[in-house]
Amino acid sequence: MNIIESITNIYHEKFGHTPAHIARAPGRVNLLGEHVDYNNGFVLPAAIDRATYVAFSPTNARHSTLVAVDFNQQASFSPQTLPSKTQADSSSLPEWALYPAGVMWVLLEENLPILSMNAVYASDVPRGSGLSSSASVEMAFMIAWQTLGVWTLPSMQRALLGQKAENKYVGVNCGIMDQFASACGVENKLLLLDCRSLEWKTIPLPEKVSIVIADTTIRRKLTSGEYNKRRAACEEAVRLLKSVLPNIMSLRDVSVDDFNRLAMKLPVEIEKSARHVVEEIERSKQAQALLEAGDVENFGRLMNECHVSLRDLYKVSCPELNVMAGIAQSIKGCYGARLTGAGFGGCTVNLVARDRVDDFAQSLASGYESETGIHPEIHITRASNGAELLE
Ligand code: GLA
């Protein structure tokens with residue numbers, strides 16, 4: 001049974017009728033521009049063919065009741081219980097429910113009409129793997145409430161509101177990339193987003209390559225503290241560099257040459273973090289021309305450089321991610337391999353010659369398993385459309 005059939009059946013058992021609608025919102029993989037979205041840089045993600053699905057109908061009840069199949073749990077909340085993050089029975093909302101509740105909260109803040117819903121949802125985006133399962137939950141519920149409220153927001157606006165829900169309601173200080181990719185994804189295309197102007201365009205993935213995602217299966221808890229520390233280091237670098245470059249607003253405004261000239265003004269750990277960001281923004285500026293010219297060799301080289309930089313300068317890798325990227329880079333047909341997403345565990349993204357992709361997946365899985373004793377998950381992925389209501 002596929003995921004849509006399964007949530008439809010569970011919905012029927014639980015609520016006694018067929019759900020009125022199904023919404024879908026994908027996870028994402030990022031090819032280049034890592035940890036630069038909150039520094040106003042450029043990112044190059046794609047929405048992937050794994051997604052969160054919500055079966056839902058309006059209800060006259062005061063509370064919305066949500067069943068999370070993947071947690072085997074249920075929660076209910078209303079506009080009145082949202083501020084205290086509690087349920088109808090005054091118990092605390094479980095952590096998974098903060099994401100849909102945050103979406104309702106942010107839409108109410110916008111004064112948009114919100115109807116209560118009964119919903120059942122499930123996801124095949126692996127959780128905590130750096131593929132933005134949280135953003136996919138947010139964007140799927142955004143579509144669900146939009147459908148019931150009979151209003152329409154542009155996809156970028158939905159992304160920004162999802163980010164606000166995550167920042168202000170869930171309490172994770174993420175940038176815009178994940179919600180953007182989940183909301184705005186385009187089939188078979190990479191997305192290039194300028195995180196300062198929010199202008200974006202699609203870039204076709206060169207014909208001869210496939211994107212392969214390799215999951216180390218390592219999950220790190222409590223990474224948001226480390227994430228926030230990296231953000232704070234970037235802000236501190238801007239503050240210190242402003243004494244000599246008064247016009248800079250973010251690390252986006254610092255050229256590699258200026259950075260090299262001024263690096264000694266920064267404490268060593270801050271210097272390393274900021275160097276990653278400045279150089280990664282430079283790499284991501286080169287990406288568009290390389291991809292449009294079909295130069296996957298040089299684009300792949302930038303991906304490999306990005307991994308080294310995330311490992312040694314930004315310090316968000318882990319031994320298993322390094323093993324996975326290292327093995328991949330040594331396999332014939334692999335142009336580039338690096339950790340993707342926030343890091344500390346999760347997945348690598350690999351750009352692989354299309355005609356070598358099956359051999360690549362097999363060699364990578366067996367190499368990783370023999371070095372770590374862990375059986376990895378390898379997905380050959382396709383860039384998919386963004387969040388939508390399914391007919
Ligand atoms: C997480 C955040 C994104 C981005 C990446 C790192 O996925 O949610 O906003 O900062 O980490 O590039």
# chains A, B, ... in the order shown; residues from 1 in each chain; ligands from 1
call {"tool": "residues_near_ligand", "arguments": {"ligand": "ligand 1", "cutoff": "8 Å", "atoms": "only C-alpha atoms and all ligand atoms", "output": "PyMOL selection string"}}
result
chain A and resi 30+33-38+43+130-132+135+173-178+227+340-343
call {"tool": "write_last_selection", "arguments": {"atoms": "N, CA and C atoms", "output": "PDB file, in the first residue's frame"}}
result
ATOM      1  N   ASN A  30      20.191  19.910  -0.887  1.00  0.00           N
ATOM      2  CA  ASN A  30      20.898  21.118  -1.311  1.00  0.00           C
ATOM      3  C   ASN A  30      22.211  20.733  -1.978  1.00  0.00           C
ATOM      4  N   GLY A  33      25.899  25.835  -1.491  1.00  0.00           N
ATOM      5  CA  GLY A  33      25.455  27.004  -0.740  1.00  0.00           C
ATOM      6  C   GLY A  33      24.961  26.526   0.619  1.00  0.00           C
ATOM      7  N   GLU A  34      25.877  25.943   1.409  1.00  0.00           N
ATOM      8  CA  GLU A  34      25.446  25.381   2.698  1.00  0.00           C
ATOM      9  C   GLU A  34      25.821  26.324   3.835  1.00  0.00           C
ATOM     10  N   HIS A  35      24.863  26.540   4.712  1.00  0.00           N
ATOM     11  CA  HIS A  35      25.008  27.479   5.833  1.00  0.00           C
ATOM     12  C   HIS A  35      25.282  28.897   5.331  1.00  0.00           C
ATOM     13  N   VAL A  36      24.690  29.223   4.212  1.00  0.00           N
ATOM     14  CA  VAL A  36      24.808  30.606   3.745  1.00  0.00           C
ATOM     15  C   VAL A  36      23.453  31.310   3.658  1.00  0.00           C
ATOM     16  N   ASP A  37      22.351  30.577   3.792  1.00  0.00           N
ATOM     17  CA  ASP A  37      21.052  31.265   3.620  1.00  0.00           C
ATOM     18  C   ASP A  37      20.866  32.354   4.665  1.00  0.00           C
ATOM     19  N   TYR A  38      21.280  32.072   5.914  1.00  0.00           N
ATOM     20  CA  TYR A  38      21.122  33.087   6.967  1.00  0.00           C
ATOM     21  C   TYR A  38      22.254  34.124   6.939  1.00  0.00           C
ATOM     22  N   VAL A  43      21.741  29.825  -2.542  1.00  0.00           N
ATOM     23  CA  VAL A  43      21.623  28.380  -2.313  1.00  0.00           C
ATOM     24  C   VAL A  43      21.124  27.704  -3.586  1.00  0.00           C
ATOM     25  N   GLY A 130      18.619  15.699   7.442  1.00  0.00           N
ATOM     26  CA  GLY A 130      19.125  16.821   6.632  1.00  0.00           C
ATOM     27  C   GLY A 130      18.364  16.998   5.336  1.00  0.00           C
ATOM     28  N   LEU A 131      17.179  16.376   5.216  1.00  0.00           N
ATOM     29  CA  LEU A 131      16.385  16.502   3.985  1.00  0.00           C
ATOM     30  C   LEU A 131      15.107  17.313   4.232  1.00  0.00           C
ATOM     31  N   SER A 132      15.074  18.050   5.330  1.00  0.00           N
ATOM     32  CA  SER A 132      13.990  19.007   5.594  1.00  0.00           C
ATOM     33  C   SER A 132      12.620  18.376   5.759  1.00  0.00           C
ATOM     34  N   ALA A 135      10.295  21.154   7.256  1.00  0.00           N
ATOM     35  CA  ALA A 135       9.746  22.128   6.295  1.00  0.00           C
ATOM     36  C   ALA A 135       8.656  21.471   5.454  1.00  0.00           C
ATOM     37  N   ASN A 173      15.975  28.435  14.785  1.00  0.00           N
ATOM     38  CA  ASN A 173      16.349  29.674  14.112  1.00  0.00           C
ATOM     39  C   ASN A 173      16.825  29.459  12.672  1.00  0.00           C
ATOM     40  N   CYS A 174      16.076  28.694  11.875  1.00  0.00           N
ATOM     41  CA  CYS A 174      16.545  28.301  10.536  1.00  0.00           C
ATOM     42  C   CYS A 174      16.480  29.474   9.559  1.00  0.00           C
ATOM     43  N   GLY A 175      17.157  29.321   8.423  1.00  0.00           N
ATOM     44  CA  GLY A 175      17.058  30.281   7.327  1.00  0.00           C
ATOM     45  C   GLY A 175      15.858  29.938   6.437  1.00  0.00           C
ATOM     46  N   ILE A 176      15.854  30.479   5.216  1.00  0.00           N
ATOM     47  CA  ILE A 176      14.688  30.344   4.331  1.00  0.00           C
ATOM     48  C   ILE A 176      14.781  29.153   3.376  1.00  0.00           C
ATOM     49  N   MET A 177      15.970  28.553   3.250  1.00  0.00           N
ATOM     50  CA  MET A 177      16.176  27.587   2.156  1.00  0.00           C
ATOM     51  C   MET A 177      15.186  26.423   2.143  1.00  0.00           C
ATOM     52  N   ASP A 178      14.941  25.802   3.299  1.00  0.00           N
ATOM     53  CA  ASP A 178      14.181  24.542   3.297  1.00  0.00           C
ATOM     54  C   ASP A 178      12.720  24.775   2.920  1.00  0.00           C
ATOM     55  N   TYR A 227      23.740  24.741  15.732  1.00  0.00           N
ATOM     56  CA  TYR A 227      23.339  25.579  14.592  1.00  0.00           C
ATOM     57  C   TYR A 227      23.330  27.049  15.018  1.00  0.00           C
ATOM     58  N   THR A 340      24.943  17.243   3.090  1.00  0.00           N
ATOM     59  CA  THR A 340      23.908  18.199   2.688  1.00  0.00           C
ATOM     60  C   THR A 340      23.047  18.571   3.884  1.00  0.00           C
ATOM     61  N   GLY A 341      22.574  19.822   3.924  1.00  0.00           N
ATOM     62  CA  GLY A 341      21.737  20.274   5.036  1.00  0.00           C
ATOM     63  C   GLY A 341      22.596  20.793   6.178  1.00  0.00           C
ATOM     64  N   ALA A 342      22.019  20.803   7.362  1.00  0.00           N
ATOM     65  CA  ALA A 342      22.711  21.425   8.498  1.00  0.00           C
ATOM     66  C   ALA A 342      23.955  20.651   8.931  1.00  0.00           C
ATOM     67  N   GLY A 343      23.966  19.319   8.732  1.00  0.00           N
ATOM     68  CA  GLY A 343      25.137  18.514   9.117  1.00  0.00           C
ATOM     69  C   GLY A 343      24.948  17.796  10.429  1.00  0.00           C
TER      70      GLY A 343
END
call {"tool": "residues_around", "arguments": {"residues": "A:Tyr11", "least_positions_apart": "2", "cutoff": "12 Å", "atoms": "only C-alpha atoms", "output": "ChimeraX atom specification"}}
result
/A:4-9,13-22,54-57,65-69,74,117-122
call {"tool": "select_by_dssp", "arguments": {"residues": "stretch 48-224 of chain A", "states": "strand (DSSP E)", "output": "PyMOL selection string"}}
result
chain A and resi 48-58+64-68+73-77+117-123+189-194+200-204+209-215
call {"tool": "closest_residue", "arguments": {"among": "A:His63, A:Val323, A:Tyr99, A:Phe42", "to": "A:Leu198", "atoms": "only C-alpha atoms"}}
result
A:Phe42
call {"tool": "residues_around", "arguments": {"residues": "A:Glu282", "least_positions_apart": "2", "cutoff": "12 Å", "atoms": "only C-alpha atoms", "output": "list in words"}}
result
Leu32, Gly33, Glu34, Val36, Gly41, Phe42, Val43, Leu251, Arg252, Asp253, Val254, Ser255, Val256, Asp257, Phe259, Arg275, His276, Val277, Val278, Glu279, Glu280, Ser284, Lys285, Gln286, Ala287, Gln288, Leu302, Glu305 and Cys306 of chain A
call {"tool": "closest_residue", "arguments": {"among": "A:Val150, A:Leu266, A:Val170, A:Cys195", "to": "A:Pro58", "atoms": "only C-alpha atoms"}}
result
A:Val150
call {"tool": "closest_atom_pairs", "arguments": {"of": "stretch 54-145 of chain A", "to": "stretch 205-225 of chain A", "cutoff": "12 Å", "atoms": "only C-alpha atoms", "output": "CSV"}}
result
residue,atom,partner,partner_atom,distance
A:Val125,CA,A:Asp215,CA,11.3
A:Pro126,CA,A:Asp215,CA,9.0
A:Arg127,CA,A:Arg219,CA,8.6
A:Gly128,CA,A:Arg219,CA,6.0
A:Ser129,CA,A:Arg219,CA,6.7
A:Gly130,CA,A:Asp215,CA,9.1
A:Leu131,CA,A:Ile213,CA,9.4
call {"tool": "write_last_selection", "arguments": {"atoms": "N, CA, C and O atoms", "output": "PDB file, in the first residue's frame"}}
result
ATOM      1  N   VAL A 125       9.931  11.337   3.976  1.00  0.00           N
ATOM      2  CA  VAL A 125      11.204  12.065   4.114  1.00  0.00           C
ATOM      3  C   VAL A 125      11.799  11.593   5.442  1.00  0.00           C
ATOM      4  O   VAL A 125      11.182  11.791   6.481  1.00  0.00           O
ATOM      5  N   PRO A 126      12.975  10.952   5.417  1.00  0.00           N
ATOM      6  CA  PRO A 126      13.504  10.468   6.695  1.00  0.00           C
ATOM      7  C   PRO A 126      13.752  11.633   7.670  1.00  0.00           C
ATOM      8  O   PRO A 126      14.322  12.652   7.284  1.00  0.00           O
ATOM      9  N   ARG A 127      13.297  11.477   8.905  1.00  0.00           N
ATOM     10  CA  ARG A 127      13.409  12.560   9.895  1.00  0.00           C
ATOM     11  C   ARG A 127      14.838  12.729  10.380  1.00  0.00           C
ATOM     12  O   ARG A 127      15.548  11.751  10.568  1.00  0.00           O
ATOM     13  N   GLY A 128      15.237  13.969  10.595  1.00  0.00           N
ATOM     14  CA  GLY A 128      16.560  14.237  11.173  1.00  0.00           C
ATOM     15  C   GLY A 128      17.703  13.876  10.247  1.00  0.00           C
ATOM     16  O   GLY A 128      18.827  13.662  10.690  1.00  0.00           O
ATOM     17  N   SER A 129      17.420  13.802   8.934  1.00  0.00           N
ATOM     18  CA  SER A 129      18.445  13.330   8.003  1.00  0.00           C
ATOM     19  C   SER A 129      19.018  14.447   7.149  1.00  0.00           C
ATOM     20  O   SER A 129      19.759  14.200   6.223  1.00  0.00           O
ATOM     21  N   GLY A 130      18.619  15.699   7.442  1.00  0.00           N
ATOM     22  CA  GLY A 130      19.125  16.821   6.632  1.00  0.00           C
ATOM     23  C   GLY A 130      18.364  16.998   5.336  1.00  0.00           C
ATOM     24  O   GLY A 130      18.822  17.697   4.437  1.00  0.00           O
ATOM     25  N   LEU A 131      17.179  16.376   5.216  1.00  0.00           N
ATOM     26  CA  LEU A 131      16.385  16.502   3.985  1.00  0.00           C
ATOM     27  C   LEU A 131      15.107  17.313   4.232  1.00  0.00           C
ATOM     28  O   LEU A 131      14.157  17.238   3.460  1.00  0.00           O
TER      29      LEU A 131
END
call {"tool": "residues_around", "arguments": {"residues": "A:Phe77", "least_positions_apart": "3", "cutoff": "6 Å", "atoms": "only C-alpha atoms", "output": "list in words"}}
result
His63, Ser64, Thr81, Gln87 and Ala88 of chain A
call {"tool": "select_by_dssp", "arguments": {"residues": "stretch 9-116 of chain A", "states": "helix (DSSP H, G or I)", "output": "JSON, numbers by chain"}}
result
{"A": [9, 10, 11, 12, 13, 14, 15, 37, 38, 39, 69, 70, 71, 95, 96, 97, 98, 99, 100, 101, 102, 103, 104, 105, 106, 107, 108, 109]}
call {"tool": "write_last_selection", "arguments": {"atoms": "N, CA and C atoms", "output": "PDB file, in the first residue's frame"}}
result
ATOM      1  N   ASN A   9      -6.884   5.401   4.372  1.00  0.00           N
ATOM      2  CA  ASN A   9      -7.534   4.343   5.166  1.00  0.00           C
ATOM      3  C   ASN A   9      -7.576   4.696   6.651  1.00  0.00           C
ATOM      4  N   ILE A  10      -6.463   5.189   7.147  1.00  0.00           N
ATOM      5  CA  ILE A  10      -6.420   5.522   8.574  1.00  0.00           C
ATOM      6  C   ILE A  10      -7.394   6.667   8.865  1.00  0.00           C
ATOM      7  N   TYR A  11      -7.454   7.630   7.941  1.00  0.00           N
ATOM      8  CA  TYR A  11      -8.395   8.736   8.110  1.00  0.00           C
ATOM      9  C   TYR A  11      -9.822   8.191   8.208  1.00  0.00           C
ATOM     10  N   HIS A  12     -10.143   7.262   7.303  1.00  0.00           N
ATOM     11  CA  HIS A  12     -11.493   6.695   7.259  1.00  0.00           C
ATOM     12  C   HIS A  12     -11.824   5.971   8.565  1.00  0.00           C
ATOM     13  N   GLU A  13     -10.878   5.157   9.037  1.00  0.00           N
ATOM     14  CA  GLU A  13     -11.106   4.429  10.300  1.00  0.00           C
ATOM     15  C   GLU A  13     -11.325   5.389  11.456  1.00  0.00           C
ATOM     16  N   LYS A  14     -10.544   6.451  11.471  1.00  0.00           N
ATOM     17  CA  LYS A  14     -10.538   7.355  12.620  1.00  0.00           C
ATOM     18  C   LYS A  14     -11.755   8.307  12.590  1.00  0.00           C
ATOM     19  N   PHE A  15     -12.063   8.872  11.411  1.00  0.00           N
ATOM     20  CA  PHE A  15     -13.086   9.916  11.355  1.00  0.00           C
ATOM     21  C   PHE A  15     -14.393   9.456  10.688  1.00  0.00           C
ATOM     22  N   ASP A  37      22.351  30.577   3.792  1.00  0.00           N
ATOM     23  CA  ASP A  37      21.052  31.265   3.620  1.00  0.00           C
ATOM     24  C   ASP A  37      20.866  32.354   4.665  1.00  0.00           C
ATOM     25  N   TYR A  38      21.280  32.072   5.914  1.00  0.00           N
ATOM     26  CA  TYR A  38      21.122  33.087   6.967  1.00  0.00           C
ATOM     27  C   TYR A  38      22.254  34.124   6.939  1.00  0.00           C
ATOM     28  N   ASN A  39      23.122  34.042   5.913  1.00  0.00           N
ATOM     29  CA  ASN A  39      24.119  35.080   5.668  1.00  0.00           C
ATOM     30  C   ASN A  39      23.836  35.812   4.361  1.00  0.00           C
ATOM     31  N   VAL A  69       0.805   9.538  11.743  1.00  0.00           N
ATOM     32  CA  VAL A  69       0.969   8.088  11.569  1.00  0.00           C
ATOM     33  C   VAL A  69       2.371   7.655  11.965  1.00  0.00           C
ATOM     34  N   ASP A  70       3.373   8.445  11.607  1.00  0.00           N
ATOM     35  CA  ASP A  70       4.762   8.046  11.862  1.00  0.00           C
ATOM     36  C   ASP A  70       5.101   8.020  13.354  1.00  0.00           C
ATOM     37  N   PHE A  71       4.312   8.690  14.159  1.00  0.00           N
ATOM     38  CA  PHE A  71       4.553   8.698  15.614  1.00  0.00           C
ATOM     39  C   PHE A  71       3.508   7.868  16.337  1.00  0.00           C
ATOM     40  N   GLU A  95       6.128  17.262  20.507  1.00  0.00           N
ATOM     41  CA  GLU A  95       7.038  18.053  19.672  1.00  0.00           C
ATOM     42  C   GLU A  95       6.620  18.053  18.199  1.00  0.00           C
ATOM     43  N   TRP A  96       6.215  16.890  17.684  1.00  0.00           N
ATOM     44  CA  TRP A  96       5.857  16.824  16.248  1.00  0.00           C
ATOM     45  C   TRP A  96       4.708  17.773  15.913  1.00  0.00           C
ATOM     46  N   ALA A  97       3.810  18.014  16.900  1.00  0.00           N
ATOM     47  CA  ALA A  97       2.618  18.830  16.625  1.00  0.00           C
ATOM     48  C   ALA A  97       2.944  20.323  16.597  1.00  0.00           C
ATOM     49  N   LEU A  98       4.156  20.695  17.090  1.00  0.00           N
ATOM     50  CA  LEU A  98       4.510  22.121  17.069  1.00  0.00           C
ATOM     51  C   LEU A  98       4.590  22.653  15.640  1.00  0.00           C
ATOM     52  N   TYR A  99       4.933  21.772  14.683  1.00  0.00           N
ATOM     53  CA  TYR A  99       5.100  22.245  13.291  1.00  0.00           C
ATOM     54  C   TYR A  99       3.754  22.613  12.667  1.00  0.00           C
ATOM     55  N   PRO A 100       2.759  21.693  12.668  1.00  0.00           N
ATOM     56  CA  PRO A 100       1.448  22.124  12.154  1.00  0.00           C
ATOM     57  C   PRO A 100       0.801  23.206  13.015  1.00  0.00           C
ATOM     58  N   ALA A 101       0.977  23.137  14.329  1.00  0.00           N
ATOM     59  CA  ALA A 101       0.389  24.175  15.187  1.00  0.00           C
ATOM     60  C   ALA A 101       1.032  25.529  14.880  1.00  0.00           C
ATOM     61  N   GLY A 102       2.340  25.519  14.632  1.00  0.00           N
ATOM     62  CA  GLY A 102       3.052  26.758  14.293  1.00  0.00           C
ATOM     63  C   GLY A 102       2.513  27.368  13.010  1.00  0.00           C
ATOM     64  N   VAL A 103       2.140  26.506  12.068  1.00  0.00           N
ATOM     65  CA  VAL A 103       1.576  27.009  10.808  1.00  0.00           C
ATOM     66  C   VAL A 103       0.233  27.691  11.078  1.00  0.00           C
ATOM     67  N   MET A 104      -0.608  27.033  11.906  1.00  0.00           N
ATOM     68  CA  MET A 104      -1.893  27.671  12.220  1.00  0.00           C
ATOM     69  C   MET A 104      -1.643  29.014  12.925  1.00  0.00           C
ATOM     70  N   TRP A 105      -0.704  29.008  13.852  1.00  0.00           N
ATOM     71  CA  TRP A 105      -0.387  30.221  14.616  1.00  0.00           C
ATOM     72  C   TRP A 105       0.025  31.369  13.688  1.00  0.00           C
ATOM     73  N   VAL A 106       0.917  31.077  12.738  1.00  0.00           N
ATOM     74  CA  VAL A 106       1.438  32.147  11.890  1.00  0.00           C
ATOM     75  C   VAL A 106       0.351  32.660  10.943  1.00  0.00           C
ATOM     76  N   LEU A 107      -0.550  31.771  10.511  1.00  0.00           N
ATOM     77  CA  LEU A 107      -1.626  32.200   9.614  1.00  0.00           C
ATOM     78  C   LEU A 107      -2.636  33.071  10.360  1.00  0.00           C
ATOM     79  N   LEU A 108      -2.863  32.747  11.635  1.00  0.00           N
ATOM     80  CA  LEU A 108      -3.747  33.599  12.440  1.00  0.00           C
ATOM     81  C   LEU A 108      -3.124  34.973  12.655  1.00  0.00           C
ATOM     82  N   GLU A 109      -1.796  34.981  12.865  1.00  0.00           N
ATOM     83  CA  GLU A 109      -1.085  36.259  12.988  1.00  0.00           C
ATOM     84  C   GLU A 109      -1.286  37.128  11.745  1.00  0.00           C
TER      85      GLU A 109
END
call {"tool": "atom_distance", "arguments": {"atom1": "atom CA of A:Thr202", "atom2": "atom CA of A:Lys164"}}
result
24.4 Å
call {"tool": "closest_residue", "arguments": {"among": "A:Leu31, A:Cys234, A:Met139, A:Ala183", "to": "A:Asn304", "atoms": "only C-alpha atoms"}}
result
A:Leu31
call {"tool": "residues_around", "arguments": {"residues": "stretch 237-241 of chain A", "least_positions_apart": "4", "cutoff": "9 Å", "atoms": "only C-alpha atoms", "output": "ChimeraX atom specification"}}
result
/A:232-233,245-246,248-251,254,259,262-263,265-267,270-271,273-274
